[in-house]
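Novice: What follows is the file target29.txt, containing compact mmCIF, C-alpha atoms:
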# COMPACT_ATOMS: atom_id res chain seq x y z
CA MET A 291 -15.47 178.06 100.47
CA ASP A 292 -14.20 181.49 101.40
CA GLY A 293 -10.48 181.74 100.57
CA THR A 294 -9.61 183.80 103.64
CA VAL A 295 -11.30 181.28 105.94
CA GLN A 296 -9.40 178.46 104.25
CA ALA A 297 -6.11 180.33 104.69
CA TRP A 298 -6.90 180.84 108.38
CA VAL A 299 -7.70 177.14 108.83
CA ASN A 300 -4.50 176.06 107.09
CA GLY A 301 -2.32 178.33 109.23
CA TRP A 302 -4.18 177.77 112.50
CA VAL A 303 -3.62 174.00 112.48
CA VAL A 304 0.12 174.58 112.00
CA SER A 305 0.23 177.22 114.72
CA ARG A 306 -1.58 175.02 117.25
CA GLY A 307 -0.14 171.67 116.22
CA ALA A 308 -3.61 170.33 115.43
CA ALA A 309 -4.44 167.53 113.01
CA PRO A 310 -4.69 168.37 109.30
CA PRO A 311 -8.18 169.73 108.55
CA THR A 312 -10.68 167.26 107.11
CA PRO A 313 -12.69 168.83 104.25
CA GLU A 314 -16.46 168.73 104.65
CA PRO A 315 -19.23 169.87 102.27
CA TRP A 316 -19.77 172.86 104.57
CA GLY A 317 -16.19 173.58 105.69
CA TRP A 318 -13.62 171.66 107.75
CA THR A 319 -13.38 169.42 110.81
CA ILE A 320 -10.20 169.84 112.87
CA ASP A 321 -9.15 167.42 115.61
CA VAL A 322 -7.35 169.35 118.35
CA GLY A 323 -7.11 166.64 121.00
CA MET A 324 -7.31 168.81 124.12
CA HIS A 325 -9.56 168.54 127.15
CA GLY A 326 -12.36 171.01 126.56
CA HIS A 327 -11.34 171.44 122.93
CA VAL A 328 -11.45 168.00 121.38
CA THR A 329 -12.59 168.94 117.88
CA ARG A 330 -13.73 172.06 116.07
CA HIS A 331 -16.00 172.49 113.07
CA VAL A 332 -15.19 175.55 110.97
CA LEU A 333 -17.92 176.64 108.58
CA GLY A 334 -16.47 177.78 105.28
CA ALA A 335 -18.93 180.50 104.21
CA THR A 336 -19.02 184.03 105.61
CA GLY A 337 -21.72 186.62 106.30
CA ASP A 338 -24.99 186.13 104.45
CA GLY A 339 -23.41 183.23 102.59
CA LEU A 340 -23.70 181.16 105.77
CA ASP A 341 -27.30 180.03 106.12
CA GLU A 342 -29.42 178.76 108.98
CA THR A 343 -29.94 175.30 107.47
CA THR A 344 -26.20 174.62 107.32
CA VAL A 345 -25.53 175.81 110.86
CA ARG A 346 -28.38 173.75 112.28
CA LYS A 347 -27.27 170.65 110.36
CA VAL A 348 -23.67 170.82 111.56
CA ALA A 349 -24.61 171.70 115.15
CA GLY A 350 -27.31 169.03 115.28
CA ALA A 351 -24.82 166.27 114.50
CA VAL A 352 -22.64 167.14 117.52
CA THR A 353 -23.11 164.99 120.63
CA GLY A 354 -19.79 165.20 122.46
CA HIS A 355 -18.58 167.65 125.09
CA GLY A 356 -15.65 169.83 124.08
CA VAL A 357 -16.63 170.24 120.43
CA TRP A 358 -16.45 173.80 119.10
CA LEU A 359 -18.23 175.50 116.25
CA LYS A 360 -16.68 178.46 114.40
CA ALA A 361 -19.13 180.43 112.26
CA PHE A 362 -18.15 183.56 110.37
CA ARG A 363 -21.40 185.39 110.86
CA ASP A 364 -22.71 187.81 113.47
CA PRO A 365 -23.59 186.18 116.81
CA THR A 366 -27.06 187.78 116.80
CA ALA A 367 -27.94 185.51 113.88
CA VAL A 368 -26.02 182.38 114.87
CA CYS A 369 -27.35 182.31 118.45
CA ARG A 370 -30.90 181.95 117.13
CA TRP A 371 -29.89 178.81 115.24
CA LEU A 372 -28.29 176.98 118.19
CA ASP A 373 -30.21 175.35 121.03
CA GLU A 374 -29.58 175.44 124.78
CA ASN A 375 -26.88 172.76 124.48
CA TRP A 376 -24.48 175.34 123.05
CA TRP A 377 -22.51 177.93 125.01
CA ILE A 378 -21.89 180.96 122.83
CA ASP A 379 -18.90 183.20 123.49
CA PRO A 380 -20.37 186.62 124.40
CA GLU A 381 -17.38 188.33 122.75
CA PRO A 382 -17.68 188.26 118.95
CA GLY A 383 -14.47 187.74 117.05
CA TYR A 384 -13.32 189.10 113.72
CA LEU A 385 -11.65 187.52 110.72
CA MET A 386 -9.04 190.06 109.64
CA THR A 387 -6.50 190.36 106.86
CA THR A 388 -3.76 192.67 105.59
CA PRO A 389 -1.21 192.83 102.77
CA LEU A 390 2.25 192.02 104.11
CA THR A 391 5.12 194.19 102.96
CA ALA A 392 8.82 194.11 103.76
CA GLY A 393 9.99 196.46 106.49
CA SER A 394 12.21 196.66 109.52
CA ALA A 395 10.69 195.67 112.84
CA PRO A 396 11.13 198.21 115.66
CA ALA A 397 13.60 197.62 118.45
CA ALA A 398 12.45 196.73 121.95
CA PRO A 399 12.24 199.65 124.40
CA GLU A 400 15.19 200.17 126.70
CA GLY A 401 15.31 197.52 129.41
CA TYR A 402 13.06 195.10 127.54
CA ARG A 403 14.36 191.99 125.79
CA LEU A 404 12.97 190.72 122.49
CA ARG A 405 13.54 187.15 121.35
CA SER A 406 12.17 185.13 118.44
CA TRP A 407 12.63 181.52 117.37
CA SER A 408 11.14 179.12 114.82
CA ARG A 409 10.20 175.48 115.18
CA GLY A 410 7.86 173.23 113.22
CA GLY A 411 6.91 175.98 110.80
CA VAL A 412 5.90 178.40 113.56
CA THR A 413 7.81 181.50 114.61
CA ARG A 414 7.27 182.70 118.17
CA VAL A 415 8.15 186.09 119.63
CA MET A 416 8.40 187.04 123.29
CA VAL A 417 9.20 190.31 124.98
CA ALA A 418 10.60 190.08 128.50
CA ALA A 419 10.18 193.02 130.88
CA PRO A 420 13.14 194.55 132.72
CA ASP A 421 12.38 192.32 135.74
CA GLY A 422 12.32 189.20 133.55
CA SER A 423 8.55 188.71 133.54
CA LEU A 424 6.57 188.25 130.33
CA ALA A 425 5.51 191.55 128.77
CA ALA A 426 4.11 190.31 125.45
CA ARG A 427 4.10 187.34 123.11
CA GLY A 428 2.71 186.02 119.82
CA GLN A 429 3.30 183.58 117.00
CA ILE A 430 2.86 183.27 113.25
CA ALA A 431 2.52 180.32 110.87
CA PRO A 432 3.37 181.07 107.23
CA THR A 433 1.81 178.60 104.78
CA GLY A 434 2.98 179.76 101.38
CA GLU A 435 1.39 183.01 100.20
CA THR A 436 -0.45 183.55 103.51
CA ALA A 437 0.57 183.64 107.17
CA VAL A 438 -1.68 183.29 110.21
CA VAL A 439 -0.98 185.42 113.26
CA ASP A 440 -2.03 183.74 116.49
CA GLN A 441 -2.11 184.07 120.29
CA ILE A 442 -1.08 187.71 120.54
CA GLU A 443 -0.97 188.68 124.21
CA THR A 444 0.26 191.66 126.22
CA ALA A 445 0.42 191.55 130.02
CA PRO A 446 -1.96 194.14 131.54
CA GLU A 447 0.81 196.10 133.24
CA HIS A 448 2.68 196.50 129.95
CA ARG A 449 -0.19 197.65 127.74
CA ARG A 450 -0.14 201.00 125.92
CA LYS A 451 3.64 200.82 125.66
CA GLY A 452 3.83 199.59 122.07
CA MET A 453 4.38 195.94 123.01
CA GLY A 454 1.60 194.61 120.79
CA SER A 455 2.86 196.61 117.83
CA LEU A 456 6.41 195.38 118.45
CA VAL A 457 5.30 191.74 118.44
CA MET A 458 3.05 192.13 115.40
CA ARG A 459 5.63 193.96 113.29
CA THR A 460 8.31 191.44 114.20
CA LEU A 461 6.08 188.53 113.24
CA GLN A 462 4.97 190.15 110.00
CA ASP A 463 8.58 190.83 109.02
CA VAL A 464 9.41 187.15 109.57
CA ALA A 465 6.49 186.05 107.40
CA VAL A 466 7.46 188.36 104.53
CA ARG A 467 11.01 187.02 104.56
CA GLN A 468 9.53 183.51 104.26
CA GLY A 469 7.50 184.46 101.19
CA ALA A 470 4.07 185.32 102.65
CA ARG A 471 2.18 188.19 101.06
CA THR A 472 -1.09 188.22 103.01
CA GLY A 473 -1.66 188.09 106.76
CA VAL A 474 -4.75 186.50 108.32
CA LEU A 475 -5.93 186.35 111.92
CA ALA A 476 -9.01 185.84 114.07
CA GLY A 477 -9.06 188.73 116.52
CA THR A 478 -11.00 189.72 119.61
CA PRO A 479 -12.73 193.07 120.27
CA ALA A 480 -9.84 193.97 122.61
CA GLY A 481 -7.25 193.39 119.89
CA ARG A 482 -9.15 194.85 116.96
CA GLY A 483 -7.99 198.42 117.62
CA LEU A 484 -4.33 197.38 117.58
CA TYR A 485 -4.70 195.39 114.38
CA GLU A 486 -6.60 198.15 112.58
CA ALA A 487 -3.95 200.68 113.61
CA LEU A 488 -1.41 198.41 111.91
CA GLY A 489 -3.42 198.27 108.67
CA TRP A 490 -5.53 195.17 109.21
CA THR A 491 -9.14 195.05 107.96
CA ALA A 492 -12.04 193.05 109.39
CA VAL A 493 -13.63 190.99 106.62
CA ALA A 494 -16.16 188.93 108.60
CA PRO A 495 -17.52 188.55 112.15
CA LEU A 496 -16.77 185.34 114.03
CA THR A 497 -19.08 183.48 116.39
CA SER A 498 -17.53 180.82 118.64
CA ALA A 499 -19.74 178.21 120.31
CA LYS A 500 -18.99 175.14 122.42
CA TYR A 501 -21.19 172.11 122.88
CA ALA A 502 -21.86 172.08 126.62
CA PRO A 503 -25.29 170.59 127.41
CA PRO A 504 -26.64 171.35 130.88
CA ALA A 505 -26.17 168.62 133.47
CA THR A 506 -29.01 166.13 133.55
CA ALA A 507 -30.99 166.34 136.77
CA ARG A 508 -30.73 163.25 138.92
CA GLY A 509 -33.68 162.13 141.00
Please lay out the structure from this file as structure tokens.

Specialist:
Amino acid sequence: MDGTVQAWVNGWVVSRGAAPPTPEPWGWTIDVGMHGHVTRHVLGATGDGLDETTVRKVAGAVTGHGVWLKAFRDPTAVCRWLDENWWIDPEPGYLMTTPLTAGSAPAAPEGYRLRSWSRGGVTRVMVAAPDGSLAARGQIAPTGETAVVDQIETAPEHRRKGMGSLVMRTLQDVAVRQGARTGVLAGTPAGRGLYEALGWTAVAPLTSAKYAPPATARG
């Protein structure tokens, strides 16, 4: 199994409050317990190490709505191995990582309010705009040497003002103080530029697919 994928799985379940991951020969099964996201299967190999036979075997055993498949390989390959019962996210994701070093997080811009709190092993950060609305948010789950950054979001009207950088640097500083040395995240194309500007590196593409068979015609 790829160590970065395993670190992401271990931190993601803490961040989302999901069940502990169940090891499989090909990766992990995670029970999430949400409507539309009941369970997810995360394949443990990345890139060319993830083969067609494995993907087809795992996908072929799925029969329930709301089951997700996470494969760390380019969607152009994975989509050929899944049948019409699978909806494939048209936006490819990226598994990213960075060394975490101690540093001081920047202050919030004038008029904005930054707050962070920790509960259940997860630290959350929010930035409130001058009018009290949400400007940006994010969370991080340190699990020993690694920490998983998750659910980074900046409101459209507050983008390009350094909000994402403020949230990320604050979260990373928290993780370092808790002993983490490596950061891991699964990012979107929209967030990749921010993460790379902060020193993160993409180590594998990510394809997300959901089992959603077409409705059976009724005569």

Novice: Report, in Å to a single decimal, how far apart atom CA of Glu486 of chain A and atom CA of Leu333 of chain A are.

Specialist: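 Between atom CA of Leu333 of chain A and atom CA of Glu486 of chain A the gap works out to 24.6 Å.
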
Novice: Any idea what's packed within 10 Å of segment 397-414 of chain A, counting all atoms listed in the file, ignoring anything in its chain fewer than 2 positions away? Could you give it as an MDAnalysis selection string?

Specialist: chainID A and resid 301 304:307 394:395 416:433 437:441 451:453 456:457 460:461 464:465

Novice: Store the residues picked out above in a file with C-alpha atoms, as a PDB file, in the coordinates of the input.

Specialist:
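After the write, result_11.pdb holds the following:
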ATOM      1  CA  GLY A 301      -2.320 178.330 109.230  1.00  0.00           C
ATOM      2  CA  VAL A 304       0.120 174.580 112.000  1.00  0.00           C
ATOM      3  CA  SER A 305       0.230 177.220 114.720  1.00  0.00           C
ATOM      4  CA  ARG A 306      -1.580 175.020 117.250  1.00  0.00           C
ATOM      5  CA  GLY A 307      -0.140 171.670 116.220  1.00  0.00           C
ATOM      6  CA  SER A 394      12.210 196.660 109.520  1.00  0.00           C
ATOM      7  CA  ALA A 395      10.690 195.670 112.840  1.00  0.00           C
ATOM      8  CA  MET A 416       8.400 187.040 123.290  1.00  0.00           C
ATOM      9  CA  VAL A 417       9.200 190.310 124.980  1.00  0.00           C
ATOM     10  CA  ALA A 418      10.600 190.080 128.500  1.00  0.00           C
ATOM     11  CA  ALA A 419      10.180 193.020 130.880  1.00  0.00           C
ATOM     12  CA  PRO A 420      13.140 194.550 132.720  1.00  0.00           C
ATOM     13  CA  ASP A 421      12.380 192.320 135.740  1.00  0.00           C
ATOM     14  CA  GLY A 422      12.320 189.200 133.550  1.00  0.00           C
ATOM     15  CA  SER A 423       8.550 188.710 133.540  1.00  0.00           C
ATOM     16  CA  LEU A 424       6.570 188.250 130.330  1.00  0.00           C
ATOM     17  CA  ALA A 425       5.510 191.550 128.770  1.00  0.00           C
ATOM     18  CA  ALA A 426       4.110 190.310 125.450  1.00  0.00           C
ATOM     19  CA  ARG A 427       4.100 187.340 123.110  1.00  0.00           C
ATOM     20  CA  GLY A 428       2.710 186.020 119.820  1.00  0.00           C
ATOM     21  CA  GLN A 429       3.300 183.580 117.000  1.00  0.00           C
ATOM     22  CA  ILE A 430       2.860 183.270 113.250  1.00  0.00           C
ATOM     23  CA  ALA A 431       2.520 180.320 110.870  1.00  0.00           C
ATOM     24  CA  PRO A 432       3.370 181.070 107.230  1.00  0.00           C
ATOM     25  CA  THR A 433       1.810 178.600 104.780  1.00  0.00           C
ATOM     26  CA  ALA A 437       0.570 183.640 107.170  1.00  0.00           C
ATOM     27  CA  VAL A 438      -1.680 183.290 110.210  1.00  0.00           C
ATOM     28  CA  VAL A 439      -0.980 185.420 113.260  1.00  0.00           C
ATOM     29  CA  ASP A 440      -2.030 183.740 116.490  1.00  0.00           C
ATOM     30  CA  GLN A 441      -2.110 184.070 120.290  1.00  0.00           C
ATOM     31  CA  LYS A 451       3.640 200.820 125.660  1.00  0.00           C
ATOM     32  CA  GLY A 452       3.830 199.590 122.070  1.00  0.00           C
ATOM     33  CA  MET A 453       4.380 195.940 123.010  1.00  0.00           C
ATOM     34  CA  LEU A 456       6.410 195.380 118.450  1.00  0.00           C
ATOM     35  CA  VAL A 457       5.300 191.740 118.440  1.00  0.00           C
ATOM     36  CA  THR A 460       8.310 191.440 114.200  1.00  0.00           C
ATOM     37  CA  LEU A 461       6.080 188.530 113.240  1.00  0.00           C
ATOM     38  CA  VAL A 464       9.410 187.150 109.570  1.00  0.00           C
ATOM     39  CA  ALA A 465       6.490 186.050 107.400  1.00  0.00           C
TER      40      ALA A 465
END

Novice: Can you tell me, as a list in words, what residues are no more than 12 Å from His327 of chain A when counting only C-alpha atoms, ignoring any on the same chain fewer than 2 positions away?

Specialist: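 Skipping anything fewer than 2 positions along the chain leaves Arg306, Ala308, Ile320, Asp321, Val322, Gly323, Met324, His325, Thr329, Arg330, His331, Gly354, His355, Gly356, Val357, Trp358, Leu359, Ala499, Lys500, Tyr501 and Ala502 of chain A.
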
Novice: Within 12 Å of Thr343 of chain A, counting only C-alpha atoms, which residues show up once you throw out same-chain ones fewer than 5 positions away? Write them as a list in words, please.

Specialist: Trp316, Val348, Ala349, Gly350, Val368, Arg370, Trp371 and Leu372 of chain A

Novice: Write out, as a short mmCIF file (atom, residue, chain, number, x, y, z; two decimals), in the coordinates of the input, the residues just selected, with C-alpha atoms.

Specialist:
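File result.cif, as written:
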data_model
loop_
_atom_site.label_atom_id
_atom_site.label_comp_id
_atom_site.auth_asym_id
_atom_site.auth_seq_id
_atom_site.Cartn_x
_atom_site.Cartn_y
_atom_site.Cartn_z
CA TRP A 316 -19.77 172.86 104.57
CA VAL A 348 -23.67 170.82 111.56
CA ALA A 349 -24.61 171.70 115.15
CA GLY A 350 -27.31 169.03 115.28
CA VAL A 368 -26.02 182.38 114.87
CA ARG A 370 -30.90 181.95 117.13
CA TRP A 371 -29.89 178.81 115.24
CA LEU A 372 -28.29 176.98 118.19
#

Novice: Please enclose the listed atoms of segment 307-322 of chain A in an axis-aligned box, pad each side by 5 Å, and write out the centre and the three edge lengths in Å, rounded to one decimal, as JSON.

Specialist:
{"center_x": -10.0, "center_y": 170.4, "center_z": 110.3, "size_x": 29.6, "size_y": 16.3, "size_z": 26.1}

Novice: Interatomic distance between atom CA of Thr353 of chain A and atom CA of Thr294 of chain A?

Specialist: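 We find that atom CA of Thr353 of chain A and atom CA of Thr294 of chain A lie 28.7 Å from each other.
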
Novice: Taking (7.3, 181.9, 100.2) in the coordinates of the supplied file, I want to know which residues reach to within 7 Å of it, counting all atoms listed in the file; could you give the answer as a PDB file with C-alpha atoms, keeping the file's coordinate frame?

Specialist:
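This went into point_37.pdb:
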ATOM      1  CA  GLY A 434       2.980 179.760 101.380  1.00  0.00           C
ATOM      2  CA  GLU A 435       1.390 183.010 100.200  1.00  0.00           C
ATOM      3  CA  GLN A 468       9.530 183.510 104.260  1.00  0.00           C
ATOM      4  CA  GLY A 469       7.500 184.460 101.190  1.00  0.00           C
ATOM      5  CA  ALA A 470       4.070 185.320 102.650  1.00  0.00           C
TER       6      ALA A 470
END

Novice: Atom CA of Glu443 of chain A and atom CA of Thr319 of chain A are how many Å apart?

Specialist: 26.5 Å

Novice: Using only C-alpha atoms, pick whichever of A:Gly483, A:Gly337, A:Ala494, A:Asp292 has the shortest atom-to-atom distance to Gly317 of chain A.

Specialist: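 Among A:Gly483, A:Gly337, A:Ala494, A:Asp292, it is A:Asp292 that comes nearest to Gly317 of chain A.
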